[in-house]
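A short write-up of the structure that comes next.
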Amino acid sequence: MITEIISWIVSIVGSLGYPGIFLLMLLESSFVPFPSEVIMIPAGYLASKGEMNITIVIVCGILGSLLGALLNYYLATKLGRPLLLYYGKYVMFNKDNLKKMEDFFSRHGHISTFTGRLIPMIRQYISIPAGLARMNLSVFCFYTSLGAGIWVIILTILGYYIGENEALVKEYLHDIVIALIILCSLLITLYWHYHRRSSH
């Protein structure tokens with residue numbers, strides 16, 4: 001089943017080219033739970049065969065990720081706040097809680113957005129609280145692109161060098177995800193330590 005899905009993605013990317021990468025990564029980064037691994041790794045593999053340019057592949061992946069994140073951001077800004085405040089009373093969420101969220105992303109949105117883009121199951125949804133809190137858009141775009149860029153580059157390079165070896169890709173990807181989670185935990189710890197020292 002997984003092999004068939006990957007083959008399907010390869011065929012889409014192969015037929016649609018760079019716009020296909022951009023569109024699929026836009027969907028992956030928005031509200032559609034679509035794994036970026038099955039997009040960028042095959043794209044990297046096609047680049048290794050000379051059918052695509054690896055630099056353009058990476059740029060399309062990053063731009064698609066950013067636009068998908070912006071879609072979530074604006075949906076949360078326009079629709080999320082009224083819904084959250086209306087239904088939040090049923091789960092003890094009120095304007096004070098929303099204000100705290102806004103203050104948190106005002107002070108710590110950059111580290112939250114950056115690390116969130118590197119953690120599985122969080123990267124697609126970190127844009128929603130950022131939008132709810134109306135995080136500074138320029139800061140949001142920068143750190144979203146930075147985090148998404150690292151992830152896109154990792155996947156593309158995996159596909160470029162070992163894309164035809166599915167078992168090895170899975171092994172490397174597992175190790176990389178663990179390493180990224182550890183790195184993000186370390187960065188957050190160092191950030192909080194620095195923030196506490198500078199606030200005294």
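Numbering starts fresh at 1 for the residues of each chain in the structure tokens, the chains themselves are lettered A, B, ... in the order given, and ligands are numbered from 1 as they appear.
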At a cut-off of 8 Å, can you tabulate as a Markdown table every residue of segment 133-178 of chain A near segment 66-70 of chain A together with its closest atom pair and the distance in Å to one decimal, using only C-alpha atoms and ordering rows by chain then number?
| residue | atom | partner | partner_atom | distance |
| --- | --- | --- | --- | --- |
| A:Cys141 | CA | A:Leu66 | CA | 6.9 |
| A:Thr144 | CA | A:Leu66 | CA | 6.5 |
| A:Ser145 | CA | A:Leu66 | CA | 6.0 |
| A:Ala148 | CA | A:Leu66 | CA | 7.6 |
Can you write just those residues out, N, CA and C atoms, as a short mmCIF file (atom, residue, chain, number, x, y, z; two decimals), in the first residue's frame?
data_model
loop_
_atom_site.label_atom_id
_atom_site.label_comp_id
_atom_site.auth_asym_id
_atom_site.auth_seq_id
_atom_site.Cartn_x
_atom_site.Cartn_y
_atom_site.Cartn_z
N CYS A 141 6.41 34.27 9.01
CA CYS A 141 6.88 33.80 7.71
C CYS A 141 8.36 33.41 7.75
N THR A 144 8.73 30.16 9.94
CA THR A 144 8.08 29.06 9.24
C THR A 144 8.95 28.59 8.09
N SER A 145 9.46 29.53 7.31
CA SER A 145 10.33 29.19 6.17
C SER A 145 11.62 28.53 6.64
N ALA A 148 10.61 24.96 7.97
CA ALA A 148 10.19 24.15 6.83
C ALA A 148 11.36 23.88 5.89
#
Practice task
Could you give me, as a PyMOL selection string, the residues within 12 Å of segment 189-196 of chain A, counting only C-alpha atoms and dropping anything in the same chain fewer than 3 positions from it?
Solution key: chain A and resi 107-112+115+182-186+199-200
Practice task
Write down as a ChimeraX atom specification the residues belonging to segment 2-182 of chain A that are assigned alpha helix (DSSP H) by DSSP computed on the backbone.
Solution key: /A:2-16,18-29,37-48,54-75,81-87,95-116,127-132,137-162,166-182
I need the chosen residues saved as a tab-separated table (two decimals), in the first residue's frame, with C-alpha atoms.
chain	number	residue	atom	x	y	z
A	2	ILE	CA	2.75	2.46	0.98
A	3	THR	CA	4.77	1.54	-2.10
A	4	GLU	CA	1.72	2.18	-4.29
A	5	ILE	CA	1.16	5.59	-2.67
A	6	ILE	CA	4.79	6.56	-3.17
A	7	SER	CA	4.61	5.41	-6.79
A	8	TRP	CA	1.48	7.52	-7.22
A	9	ILE	CA	3.25	10.58	-5.74
A	10	VAL	CA	6.24	9.99	-8.02
A	11	SER	CA	3.91	9.85	-11.02
A	12	ILE	CA	2.17	13.09	-9.96
A	13	VAL	CA	5.45	14.91	-9.37
A	14	GLY	CA	6.80	13.49	-12.60
A	15	SER	CA	3.78	14.58	-14.62
A	16	LEU	CA	3.09	17.96	-12.97
A	18	TYR	CA	7.63	21.62	-9.97
A	19	PRO	CA	4.03	22.93	-9.69
A	20	GLY	CA	3.09	19.45	-8.43
A	21	ILE	CA	5.66	19.68	-5.64
A	22	PHE	CA	4.46	23.16	-4.72
A	23	LEU	CA	0.78	22.13	-4.69
A	24	LEU	CA	1.29	18.92	-2.71
A	25	MET	CA	3.48	20.67	-0.12
A	26	LEU	CA	0.87	23.42	0.17
A	27	LEU	CA	-1.74	20.76	0.97
A	28	GLU	CA	0.63	19.00	3.38
A	29	SER	CA	1.33	22.21	5.25
A	37	GLU	CA	7.98	12.47	3.25
A	38	VAL	CA	6.08	10.98	0.31
A	39	ILE	CA	6.45	14.22	-1.63
A	40	MET	CA	9.99	15.50	-1.14
A	41	ILE	CA	11.81	12.14	-0.99
A	42	PRO	CA	10.47	11.03	-4.40
A	43	ALA	CA	11.20	14.52	-5.74
A	44	GLY	CA	14.77	14.23	-4.50
A	45	TYR	CA	15.01	10.82	-6.16
A	46	LEU	CA	13.84	12.29	-9.47
A	47	ALA	CA	16.49	14.99	-9.08
A	48	SER	CA	19.16	12.31	-8.64
A	54	ILE	CA	17.41	19.80	-6.81
A	55	THR	CA	17.58	23.53	-6.00
A	56	ILE	CA	14.24	24.24	-7.67
A	57	VAL	CA	12.75	21.18	-5.95
A	58	ILE	CA	13.77	22.56	-2.55
A	59	VAL	CA	12.52	26.07	-3.33
A	60	CYS	CA	9.14	24.73	-4.49
A	61	GLY	CA	8.89	22.62	-1.34
A	62	ILE	CA	9.63	25.56	0.94
A	63	LEU	CA	7.28	27.94	-0.87
A	64	GLY	CA	4.48	25.37	-0.82
A	65	SER	CA	5.02	24.81	2.91
A	66	LEU	CA	4.96	28.54	3.60
A	67	LEU	CA	1.78	29.17	1.61
A	68	GLY	CA	0.02	26.24	3.30
A	69	ALA	CA	1.07	27.57	6.70
A	70	LEU	CA	-0.21	31.03	5.77
A	71	LEU	CA	-3.54	29.50	4.78
A	72	ASN	CA	-3.87	27.96	8.25
A	73	TYR	CA	-2.71	31.22	9.81
A	74	TYR	CA	-5.38	33.31	8.05
A	75	LEU	CA	-8.13	30.75	8.62
A	81	ARG	CA	-11.08	33.41	17.13
A	82	PRO	CA	-14.89	33.81	16.98
A	83	LEU	CA	-15.39	30.04	17.06
A	84	LEU	CA	-12.92	29.61	19.90
A	85	LEU	CA	-14.52	32.32	22.00
A	86	TYR	CA	-18.04	31.11	21.26
A	87	TYR	CA	-17.46	27.43	21.97
A	95	LYS	CA	-10.97	35.94	26.56
A	96	ASP	CA	-8.38	35.85	29.33
A	97	ASN	CA	-7.02	32.56	28.00
A	98	LEU	CA	-6.90	34.00	24.50
A	99	LYS	CA	-5.06	37.06	25.80
A	100	LYS	CA	-2.49	34.80	27.46
A	101	MET	CA	-2.03	32.93	24.17
A	102	GLU	CA	-1.56	36.22	22.34
A	103	ASP	CA	1.00	37.39	24.89
A	104	PHE	CA	2.83	34.06	24.69
A	105	PHE	CA	3.16	34.15	20.88
A	106	SER	CA	4.07	37.81	21.03
A	107	ARG	CA	7.07	36.93	23.21
A	108	HIS	CA	7.87	33.35	22.18
A	109	GLY	CA	6.23	32.89	18.79
A	110	HIS	CA	9.52	32.65	16.92
A	111	ILE	CA	10.93	29.70	18.89
A	112	SER	CA	7.51	28.00	18.97
A	113	THR	CA	6.98	28.33	15.22
A	114	PHE	CA	10.52	27.29	14.32
A	115	THR	CA	10.68	24.19	16.51
A	116	GLY	CA	7.06	23.30	15.75
A	127	SER	CA	0.23	27.90	12.36
A	128	ILE	CA	-3.21	27.75	13.98
A	129	PRO	CA	-2.27	29.05	17.46
A	130	ALA	CA	0.02	31.57	15.77
A	131	GLY	CA	-2.93	32.84	13.75
A	132	LEU	CA	-5.24	32.84	16.76
A	137	LEU	CA	3.26	38.05	10.13
A	138	SER	CA	6.84	38.81	9.05
A	139	VAL	CA	8.25	36.92	12.02
A	140	PHE	CA	5.85	34.05	11.37
A	141	CYS	CA	6.88	33.80	7.71
A	142	PHE	CA	10.59	33.91	8.51
A	143	TYR	CA	10.59	31.19	11.15
A	144	THR	CA	8.08	29.06	9.24
A	145	SER	CA	10.33	29.19	6.17
A	146	LEU	CA	13.41	28.45	8.27
A	147	GLY	CA	11.91	25.41	9.97
A	148	ALA	CA	10.19	24.15	6.83
A	149	GLY	CA	13.39	24.73	4.85
A	150	ILE	CA	15.44	22.50	7.13
A	151	TRP	CA	12.84	19.71	6.91
A	152	VAL	CA	12.45	20.02	3.12
A	153	ILE	CA	16.22	19.95	2.58
A	154	ILE	CA	16.62	16.86	4.78
A	155	LEU	CA	13.91	14.97	2.90
A	156	THR	CA	15.16	16.02	-0.52
A	157	ILE	CA	18.73	14.98	0.25
A	158	LEU	CA	17.50	11.62	1.54
A	159	GLY	CA	15.63	11.08	-1.69
A	160	TYR	CA	18.57	12.26	-3.77
A	161	TYR	CA	21.10	9.86	-2.27
A	162	ILE	CA	19.09	6.83	-1.11
A	166	GLU	CA	12.93	2.30	0.88
A	167	ALA	CA	14.15	0.35	3.91
A	168	LEU	CA	17.22	2.55	4.32
A	169	VAL	CA	15.11	5.71	3.89
A	170	LYS	CA	12.79	4.58	6.71
A	171	GLU	CA	15.75	3.81	8.98
A	172	TYR	CA	17.45	7.15	8.34
A	173	LEU	CA	14.17	9.06	8.62
A	174	HIS	CA	13.42	7.48	11.99
A	175	ASP	CA	16.84	8.46	13.33
A	176	ILE	CA	16.55	11.98	11.90
A	177	VAL	CA	13.13	12.55	13.49
A	178	ILE	CA	14.44	11.46	16.89
A	179	ALA	CA	17.49	13.72	16.48
A	180	LEU	CA	15.26	16.68	15.54
A	181	ILE	CA	13.00	16.14	18.56
A	182	ILE	CA	16.06	16.04	20.84
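Atom to atom, atom CA of Ser30 of chain A and atom CA of Gln124 of chain A stand 6.1 Å apart.
The space between atom CA of Gly17 of chain A and atom CA of Gly163 of chain A spans 17.4 Å.
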